[in-house]
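Listing of model-v5.csv, CSV, N, CA and C atoms and all ligand atoms
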```csv
chain,number,residue,atom,x,y,z
A,1,MET,N,46.5,35.8,-4.5
A,1,MET,CA,46.4,35.3,-3.2
A,1,MET,C,47.7,35.6,-2.4
A,2,SER,N,47.7,36.4,-1.5
A,2,SER,CA,48.9,36.8,-0.7
A,2,SER,C,49.0,35.9,0.6
A,3,SER,N,50.1,35.5,0.9
A,3,SER,CA,50.3,34.8,2.2
A,3,SER,C,50.6,35.7,3.3
A,4,ASN,N,50.6,37.0,3.0
A,4,ASN,CA,50.9,38.0,4.1
A,4,ASN,C,49.6,38.5,4.8
A,5,LEU,N,48.5,37.8,4.5
A,5,LEU,CA,47.3,38.2,5.1
A,5,LEU,C,47.3,37.7,6.6
A,6,PHE,N,46.7,38.6,7.4
A,6,PHE,CA,46.5,38.2,8.8
A,6,PHE,C,45.1,38.6,9.2
A,7,ILE,N,44.2,37.7,9.2
A,7,ILE,CA,42.8,38.0,9.5
A,7,ILE,C,42.4,37.5,10.8
A,8,PRO,N,42.0,38.3,11.7
A,8,PRO,CA,41.5,37.8,13.0
A,8,PRO,C,40.2,37.1,12.9
A,9,LYS,N,40.2,35.9,13.3
A,9,LYS,CA,38.9,35.1,13.2
A,9,LYS,C,38.7,34.3,14.4
A,10,THR,N,37.5,33.8,14.5
A,10,THR,CA,37.1,32.9,15.6
A,10,THR,C,36.9,31.5,15.0
A,11,CYS,N,37.5,30.5,15.6
A,11,CYS,CA,37.4,29.2,15.2
A,11,CYS,C,36.0,28.7,15.2
A,12,LYS,N,35.5,28.2,14.1
A,12,LYS,CA,34.0,27.7,14.1
A,12,LYS,C,33.8,26.5,14.9
A,13,HIS,N,34.9,25.8,15.2
A,13,HIS,CA,34.8,24.5,16.0
A,13,HIS,C,34.9,24.8,17.5
A,14,CYS,N,36.1,25.4,17.9
A,14,CYS,CA,36.3,25.5,19.4
A,14,CYS,C,36.0,26.9,19.9
A,15,GLY,N,35.8,27.8,19.0
A,15,GLY,CA,35.5,29.2,19.4
A,15,GLY,C,36.7,30.1,19.8
A,16,ASN,N,37.9,29.5,19.7
A,16,ASN,CA,39.1,30.3,20.0
A,16,ASN,C,39.4,31.3,18.9
A,17,ALA,N,39.9,32.4,19.4
A,17,ALA,CA,40.4,33.4,18.4
A,17,ALA,C,41.7,33.0,17.8
A,18,PHE,N,41.8,33.2,16.5
A,18,PHE,CA,43.1,32.9,15.9
A,18,PHE,C,43.3,33.8,14.7
A,19,THR,N,44.4,33.7,14.1
A,19,THR,CA,44.7,34.6,13.0
A,19,THR,C,44.8,33.7,11.7
A,20,ALA,N,43.9,34.0,10.8
A,20,ALA,CA,43.8,33.2,9.6
A,20,ALA,C,44.7,33.8,8.5
A,21,ARG,N,45.3,32.9,7.7
A,21,ARG,CA,46.1,33.4,6.6
A,21,ARG,C,45.4,33.5,5.3
A,22,THR,N,44.2,32.9,5.2
A,22,THR,CA,43.4,33.1,4.0
A,22,THR,C,41.9,33.5,4.5
A,23,THR,N,41.2,34.0,3.6
A,23,THR,CA,39.8,34.5,4.0
A,23,THR,C,38.9,33.3,4.2
A,24,VAL,N,39.2,32.1,3.6
A,24,VAL,CA,38.3,31.0,3.7
A,24,VAL,C,38.6,30.1,4.9
A,25,THR,N,39.6,30.4,5.7
A,25,THR,CA,39.9,29.6,6.8
A,25,THR,C,38.8,29.7,7.9
A,26,LYS,N,38.3,28.6,8.4
A,26,LYS,CA,37.3,28.6,9.3
A,26,LYS,C,37.7,28.1,10.7
A,27,TYR,N,38.8,27.4,10.7
A,27,TYR,CA,39.2,26.8,12.0
A,27,TYR,C,40.6,27.2,12.4
A,28,CYS,N,40.9,27.1,13.7
A,28,CYS,CA,42.2,27.6,14.2
A,28,CYS,C,43.3,26.6,13.8
A,29,GLY,N,43.0,25.4,13.5
A,29,GLY,CA,44.1,24.5,13.1
A,29,GLY,C,43.6,23.3,12.5
A,30,ASP,N,44.5,22.4,12.1
A,30,ASP,CA,44.1,21.1,11.5
A,30,ASP,C,43.2,20.3,12.4
A,31,THR,N,43.6,20.3,13.7
A,31,THR,CA,42.8,19.4,14.6
A,31,THR,C,41.3,19.8,14.6
A,32,CYS,N,41.1,21.1,14.7
A,32,CYS,CA,39.7,21.6,14.7
A,32,CYS,C,39.0,21.4,13.3
A,33,ALA,N,39.8,21.5,12.3
A,33,ALA,CA,39.3,21.3,10.9
A,33,ALA,C,38.8,19.8,10.8
A,34,LYS,N,39.7,18.9,11.3
A,34,LYS,CA,39.3,17.5,11.2
A,34,LYS,C,38.2,17.2,12.1
A,35,ARG,N,38.2,17.7,13.3
A,35,ARG,CA,37.1,17.4,14.2
A,35,ARG,C,35.7,18.0,13.7
A,36,ALA,N,35.8,19.2,13.1
A,36,ALA,CA,34.6,19.8,12.5
A,36,ALA,C,34.1,18.9,11.3
A,37,TYR,N,35.1,18.4,10.6
A,37,TYR,CA,34.7,17.6,9.4
A,37,TYR,C,34.0,16.3,9.9
A,38,LYS,N,34.6,15.7,10.9
A,38,LYS,CA,34.1,14.5,11.5
A,38,LYS,C,32.7,14.7,12.0
A,39,ALA,N,32.5,15.8,12.7
A,39,ALA,CA,31.2,16.2,13.3
A,39,ALA,C,30.2,16.4,12.2
A,40,ARG,N,30.6,17.0,11.2
A,40,ARG,CA,29.7,17.3,10.1
A,40,ARG,C,29.3,16.0,9.4
A,41,LYS,N,30.3,15.1,9.2
A,41,LYS,CA,30.0,13.8,8.6
A,41,LYS,C,29.0,13.0,9.5
A,42,ARG,N,29.3,13.0,10.8
A,42,ARG,CA,28.4,12.3,11.7
A,42,ARG,C,27.0,12.9,11.6
A,43,GLN,N,26.9,14.2,11.6
A,43,GLN,CA,25.6,14.9,11.5
A,43,GLN,C,24.9,14.5,10.2
A,44,GLU,N,25.7,14.4,9.1
A,44,GLU,CA,25.1,14.0,7.8
A,44,GLU,C,24.5,12.5,7.9
A,45,LYS,N,25.3,11.7,8.6
A,45,LYS,CA,24.9,10.3,8.8
A,45,LYS,C,23.6,10.2,9.5
A,46,ILE,N,23.6,11.0,10.6
A,46,ILE,CA,22.3,11.0,11.5
A,46,ILE,C,21.2,11.5,10.6
A,47,GLN,N,21.4,12.5,9.9
A,47,GLN,CA,20.4,13.1,9.0
A,47,GLN,C,19.9,12.0,8.0
A,48,ALA,N,20.9,11.3,7.4
A,48,ALA,CA,20.5,10.3,6.4
A,48,ALA,C,19.7,9.2,7.0
A,49,THR,N,20.1,8.8,8.2
A,49,THR,CA,19.4,7.8,8.9
A,49,THR,C,17.9,8.2,9.3
A,50,LEU,N,17.8,9.5,9.7
A,50,LEU,CA,16.5,10.0,10.0
A,50,LEU,C,15.6,10.0,8.8
A,51,THR,N,16.2,10.5,7.7
A,51,THR,CA,15.5,10.6,6.4
A,51,THR,C,15.0,9.2,6.0
A,52,GLU,N,15.9,8.2,6.2
A,52,GLU,CA,15.6,6.8,5.8
A,52,GLU,C,14.4,6.3,6.7
A,53,ASP,N,14.6,6.6,8.0
A,53,ASP,CA,13.5,6.2,8.9
A,53,ASP,C,12.2,6.8,8.5
A,54,MET,N,12.2,8.1,8.2
A,54,MET,CA,11.0,8.7,7.9
A,54,MET,C,10.4,8.1,6.6
A,55,GLN,N,11.2,7.8,5.6
A,55,GLN,CA,10.7,7.2,4.4
A,55,GLN,C,10.1,5.8,4.7
A,56,GLN,N,10.8,5.1,5.6
A,56,GLN,CA,10.3,3.8,5.9
A,56,GLN,C,8.9,3.9,6.6
A,57,GLN,N,8.9,4.8,7.5
A,57,GLN,CA,7.6,5.1,8.3
A,57,GLN,C,6.5,5.4,7.3
A,58,LYS,N,6.9,6.2,6.3
A,58,LYS,CA,5.9,6.7,5.3
A,58,LYS,C,5.4,5.5,4.5
A,59,GLN,N,6.3,4.6,4.2
A,59,GLN,CA,5.9,3.4,3.5
A,59,GLN,C,5.0,2.5,4.3
A,60,VAL,N,5.3,2.4,5.6
A,60,VAL,CA,4.5,1.6,6.5
A,60,VAL,C,3.1,2.2,6.6
A,61,VAL,N,3.0,3.5,6.7
A,61,VAL,CA,1.8,4.2,6.7
A,61,VAL,C,1.0,4.0,5.5
A,62,GLU,N,1.6,4.0,4.3
A,62,GLU,CA,1.0,3.8,3.1
A,62,GLU,C,0.4,2.4,3.0
A,63,VAL,N,1.2,1.4,3.4
A,63,VAL,CA,0.8,0.0,3.4
A,63,VAL,C,-0.5,-0.2,4.3
A,64,HIS,N,-0.4,0.5,5.5
A,64,HIS,CA,-1.5,0.3,6.4
A,64,HIS,C,-2.6,1.4,6.2
A,65,ASN,N,-2.4,2.2,5.2
A,65,ASN,CA,-3.4,3.2,5.0
A,65,ASN,C,-4.8,2.7,4.7
A,66,PRO,N,-5.7,2.8,5.6
A,66,PRO,CA,-7.0,2.2,5.4
A,66,PRO,C,-7.9,3.0,4.5
A,67,ASN,N,-7.5,4.2,4.0
A,67,ASN,CA,-8.3,5.0,3.2
A,67,ASN,C,-8.7,4.4,1.9
A,68,ALA,N,-7.8,3.6,1.4
A,68,ALA,CA,-8.1,2.9,0.1
A,68,ALA,C,-9.4,2.1,0.2
A,69,VAL,N,-9.6,1.4,1.4
A,69,VAL,CA,-10.8,0.6,1.6
A,69,VAL,C,-11.9,1.5,2.1
A,70,ASN,N,-11.5,2.5,2.9
A,70,ASN,CA,-12.6,3.3,3.5
A,70,ASN,C,-13.4,4.2,2.5
A,71,ASN,N,-12.7,4.5,1.4
A,71,ASN,CA,-13.4,5.3,0.4
A,71,ASN,C,-14.3,4.6,-0.5
A,72,LYS,N,-14.3,3.3,-0.4
A,72,LYS,CA,-15.1,2.5,-1.4
A,72,LYS,C,-16.5,2.1,-0.8
A,73,ASP,N,-17.4,2.1,-1.7
A,73,ASP,CA,-18.8,1.8,-1.3
A,73,ASP,C,-19.0,0.3,-1.5
A,74,PHE,N,-18.2,-0.3,-2.4
A,74,PHE,CA,-18.4,-1.7,-2.7
A,74,PHE,C,-17.0,-2.4,-2.5
A,75,LEU,N,-17.0,-3.5,-1.8
A,75,LEU,CA,-15.8,-4.1,-1.4
A,75,LEU,C,-15.7,-5.6,-1.8
A,76,SER,N,-14.5,-6.0,-2.1
A,76,SER,CA,-14.3,-7.4,-2.3
A,76,SER,C,-14.3,-8.1,-0.9
A,77,VAL,N,-14.3,-9.4,-0.9
A,77,VAL,CA,-14.3,-10.1,0.4
A,77,VAL,C,-13.0,-9.7,1.2
A,78,THR,N,-11.9,-9.7,0.4
A,78,THR,CA,-10.6,-9.3,1.1
A,78,THR,C,-10.7,-7.9,1.7
A,79,GLU,N,-11.2,-7.0,0.9
A,79,GLU,CA,-11.3,-5.6,1.3
A,79,GLU,C,-12.3,-5.5,2.5
A,80,ALA,N,-13.4,-6.2,2.5
A,80,ALA,CA,-14.3,-6.2,3.6
A,80,ALA,C,-13.7,-6.7,4.9
A,81,SER,N,-12.8,-7.7,4.7
A,81,SER,CA,-12.1,-8.3,5.9
A,81,SER,C,-11.1,-7.3,6.4
A,82,GLN,N,-10.5,-6.5,5.5
A,82,GLN,CA,-9.5,-5.5,5.9
A,82,GLN,C,-10.2,-4.4,6.6
A,83,LEU,N,-11.4,-4.0,6.2
A,83,LEU,CA,-12.2,-2.9,6.7
A,83,LEU,C,-12.5,-3.2,8.2
A,84,ILE,N,-12.9,-4.4,8.4
A,84,ILE,CA,-13.3,-4.8,9.8
A,84,ILE,C,-12.1,-5.2,10.6
A,85,GLY,N,-11.1,-5.8,9.9
A,85,GLY,CA,-10.0,-6.3,10.7
A,85,GLY,C,-10.1,-7.7,11.1
A,86,VAL,N,-10.8,-8.5,10.3
A,86,VAL,CA,-10.9,-9.9,10.5
A,86,VAL,C,-10.4,-10.7,9.3
A,87,SER,N,-10.3,-12.0,9.4
A,87,SER,CA,-9.8,-12.7,8.3
A,87,SER,C,-10.8,-12.9,7.1
A,88,ARG,N,-10.3,-13.2,6.0
A,88,ARG,CA,-11.2,-13.3,4.8
A,88,ARG,C,-12.2,-14.4,5.1
A,89,TRP,N,-11.7,-15.5,5.8
A,89,TRP,CA,-12.6,-16.6,6.1
A,89,TRP,C,-13.8,-16.3,7.0
A,90,THR,N,-13.5,-15.3,7.8
A,90,THR,CA,-14.7,-14.9,8.7
A,90,THR,C,-15.7,-14.3,7.8
A,91,ILE,N,-15.3,-13.5,6.9
A,91,ILE,CA,-16.3,-12.8,6.0
A,91,ILE,C,-17.0,-13.9,5.1
A,92,GLN,N,-16.2,-14.8,4.6
A,92,GLN,CA,-16.7,-15.9,3.8
A,92,GLN,C,-17.8,-16.7,4.5
A,93,ARG,N,-17.5,-17.0,5.8
A,93,ARG,CA,-18.4,-17.7,6.6
A,93,ARG,C,-19.7,-16.9,6.9
A,94,MET,N,-19.5,-15.6,7.1
A,94,MET,CA,-20.7,-14.8,7.3
A,94,MET,C,-21.6,-14.7,6.1
A,95,ILE,N,-20.9,-14.8,4.9
A,95,ILE,CA,-21.7,-14.8,3.7
A,95,ILE,C,-22.5,-16.1,3.5
A,96,GLN,N,-21.8,-17.2,3.8
A,96,GLN,CA,-22.4,-18.5,3.7
A,96,GLN,C,-23.5,-18.7,4.7
A,97,GLN,N,-23.4,-18.1,5.9
A,97,GLN,CA,-24.4,-18.1,6.9
A,97,GLN,C,-25.6,-17.2,6.6
A,98,GLY,N,-25.4,-16.3,5.6
A,98,GLY,CA,-26.4,-15.4,5.2
A,98,GLY,C,-26.5,-14.2,6.1
A,99,ARG,N,-25.5,-14.0,6.9
A,99,ARG,CA,-25.4,-12.8,7.8
A,99,ARG,C,-24.9,-11.6,7.1
A,100,LEU,N,-24.2,-11.9,6.0
A,100,LEU,CA,-23.7,-10.8,5.2
A,100,LEU,C,-24.1,-11.1,3.7
A,101,LYS,N,-24.6,-10.1,3.0
A,101,LYS,CA,-25.0,-10.3,1.7
A,101,LYS,C,-23.9,-9.9,0.7
A,102,ALA,N,-23.6,-10.9,-0.2
A,102,ALA,CA,-22.5,-10.6,-1.2
A,102,ALA,C,-23.1,-10.9,-2.5
A,103,VAL,N,-22.8,-10.1,-3.5
A,103,VAL,CA,-23.3,-10.2,-4.9
A,103,VAL,C,-22.1,-10.7,-5.7
A,104,PRO,N,-22.3,-11.8,-6.5
A,104,PRO,CA,-21.2,-12.3,-7.3
A,104,PRO,C,-21.0,-11.4,-8.6
A,105,PHE,N,-19.8,-10.9,-8.8
A,105,PHE,CA,-19.5,-10.2,-10.0
A,105,PHE,C,-18.3,-11.0,-10.6
A,106,GLY,N,-18.7,-11.8,-11.6
A,106,GLY,CA,-17.7,-12.7,-12.2
A,106,GLY,C,-17.2,-13.7,-11.1
A,107,ARG,N,-15.9,-13.8,-10.9
A,107,ARG,CA,-15.4,-14.7,-9.9
A,107,ARG,C,-15.4,-14.0,-8.6
A,108,LYS,N,-15.6,-12.7,-8.5
A,108,LYS,CA,-15.5,-12.0,-7.3
A,108,LYS,C,-16.9,-11.9,-6.6
A,109,ARG,N,-16.9,-11.8,-5.3
A,109,ARG,CA,-18.1,-11.5,-4.6
A,109,ARG,C,-17.9,-10.1,-4.0
A,110,ILE,N,-18.9,-9.3,-4.2
A,110,ILE,CA,-18.8,-7.9,-3.8
A,110,ILE,C,-19.8,-7.7,-2.6
A,111,VAL,N,-19.3,-7.1,-1.6
A,111,VAL,CA,-20.1,-6.7,-0.4
A,111,VAL,C,-20.3,-5.2,-0.4
A,112,ALA,N,-21.5,-4.8,-0.3
A,112,ALA,CA,-21.8,-3.4,-0.2
A,112,ALA,C,-21.4,-2.9,1.2
A,113,ARG,N,-20.8,-1.7,1.2
A,113,ARG,CA,-20.3,-1.2,2.5
A,113,ARG,C,-21.4,-1.0,3.5
A,114,TRP,N,-22.5,-0.6,3.1
A,114,TRP,CA,-23.6,-0.4,4.0
A,114,TRP,C,-24.1,-1.7,4.7
A,115,GLN,N,-23.9,-2.8,3.9
A,115,GLN,CA,-24.2,-4.1,4.5
A,115,GLN,C,-23.4,-4.4,5.7
A,116,ILE,N,-22.1,-4.0,5.6
A,116,ILE,CA,-21.2,-4.2,6.8
A,116,ILE,C,-21.6,-3.3,7.9
A,117,GLU,N,-21.9,-2.0,7.5
A,117,GLU,CA,-22.2,-1.0,8.5
A,117,GLU,C,-23.5,-1.4,9.2
A,118,ASN,N,-24.4,-2.1,8.5
A,118,ASN,CA,-25.7,-2.5,9.0
A,118,ASN,C,-25.5,-3.5,10.1
A,119,LEU,N,-24.5,-4.3,10.0
A,119,LEU,CA,-24.2,-5.3,11.0
A,119,LEU,C,-24.1,-4.7,12.4
A,120,PHE,N,-23.7,-3.5,12.4
A,120,PHE,CA,-23.4,-2.8,13.7
A,120,PHE,C,-24.6,-2.0,14.2
A,121,ASN,N,-25.6,-2.0,13.4
A,121,ASN,CA,-26.8,-1.3,13.9
A,121,ASN,C,-27.6,-2.0,14.9
B,1,ZN,ZN,39.7,25.5,17.0
```

Please render this file's structure as structure tokens.
Amino acid sequence: MSSNLFIPKTCKHCGNAFTARTTVTKYCGDTCAKRAYKARKRQEKIQATLTEDMQQQKQVVEVHNPNAVNNKDFLSVTEASQLIGVSRWTIQRMIQQGRLKAVPFGRKRIVARWQIENLFN
């Protein structure tokens, strides 16, 4: 490594022409190097926040993903309530009133999806 090198370069931060003493120098001086470093750190921070936001949104989407219920032909009372968007008690009441047919499976009561769809016919 020689210190006698004089390489004409353009500062990657401010765009000014300068003479570099090493081939790896990217900035015209310490000020630009520091500013570029800070800018990069800020950019990384923004990127990290964005990534975090995206992951959180993804989680929210997964939690609210209705496909889990939508793909089933037979639903528990809870799932049936999620499918329609009402409370479990509304479903329970409809079963008690005989408006919705539910078949007991052990301790669970299962509602056929077409039964729910029939309500809308
Ligand atoms: Zn500069």

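Across the structure, atom N of A:Gly15 and atom C of A:Thr49 are spaced 28.3 Å apart.
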
Environment of ligand ZN 1 (chain B) within 6 Å, counting all atoms listed in the file, reported as a list in words: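 Checked against 6 Å with all atoms listed in the file; the hits are Cys11, Lys12, His13, Cys14, Gly15, Asn16, Tyr27, Cys28, Gly29 and Cys32 of chain A.
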
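Reported to one decimal place, the separation of atom CA of A:Leu83 from atom C of A:Asn71 is 10.6 Å.
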
Alpha helix (DSSP H) positions in stretch 1-108 of chain A, given as a VMD selection string: chain A and resid 30 to 63 67 to 70 77 to 84 88 to 96

Strand (DSSP E or B) positions in chain A, given as number ranges by chain: A: 7-10, 17-20, 74-76, 102-105, 108-112

Two-atom distance - atom N of A:Gln57, atom CA of A:Gln43 (Å): 19.9 Å

From A:Phe6, A:Gln96, A:Ile91, A:Lys108, residue lying nearest A:Thr19 [only N, CA and C atoms]: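 Distance minimum relative to A:Thr19 lands on A:Phe6.
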
Selection near A:Gly98, 12 Å with only C-alpha atoms, sequence-local residues under 6 positions removed, as a PyMOL selection string: chain A and resi 91-92+115+119
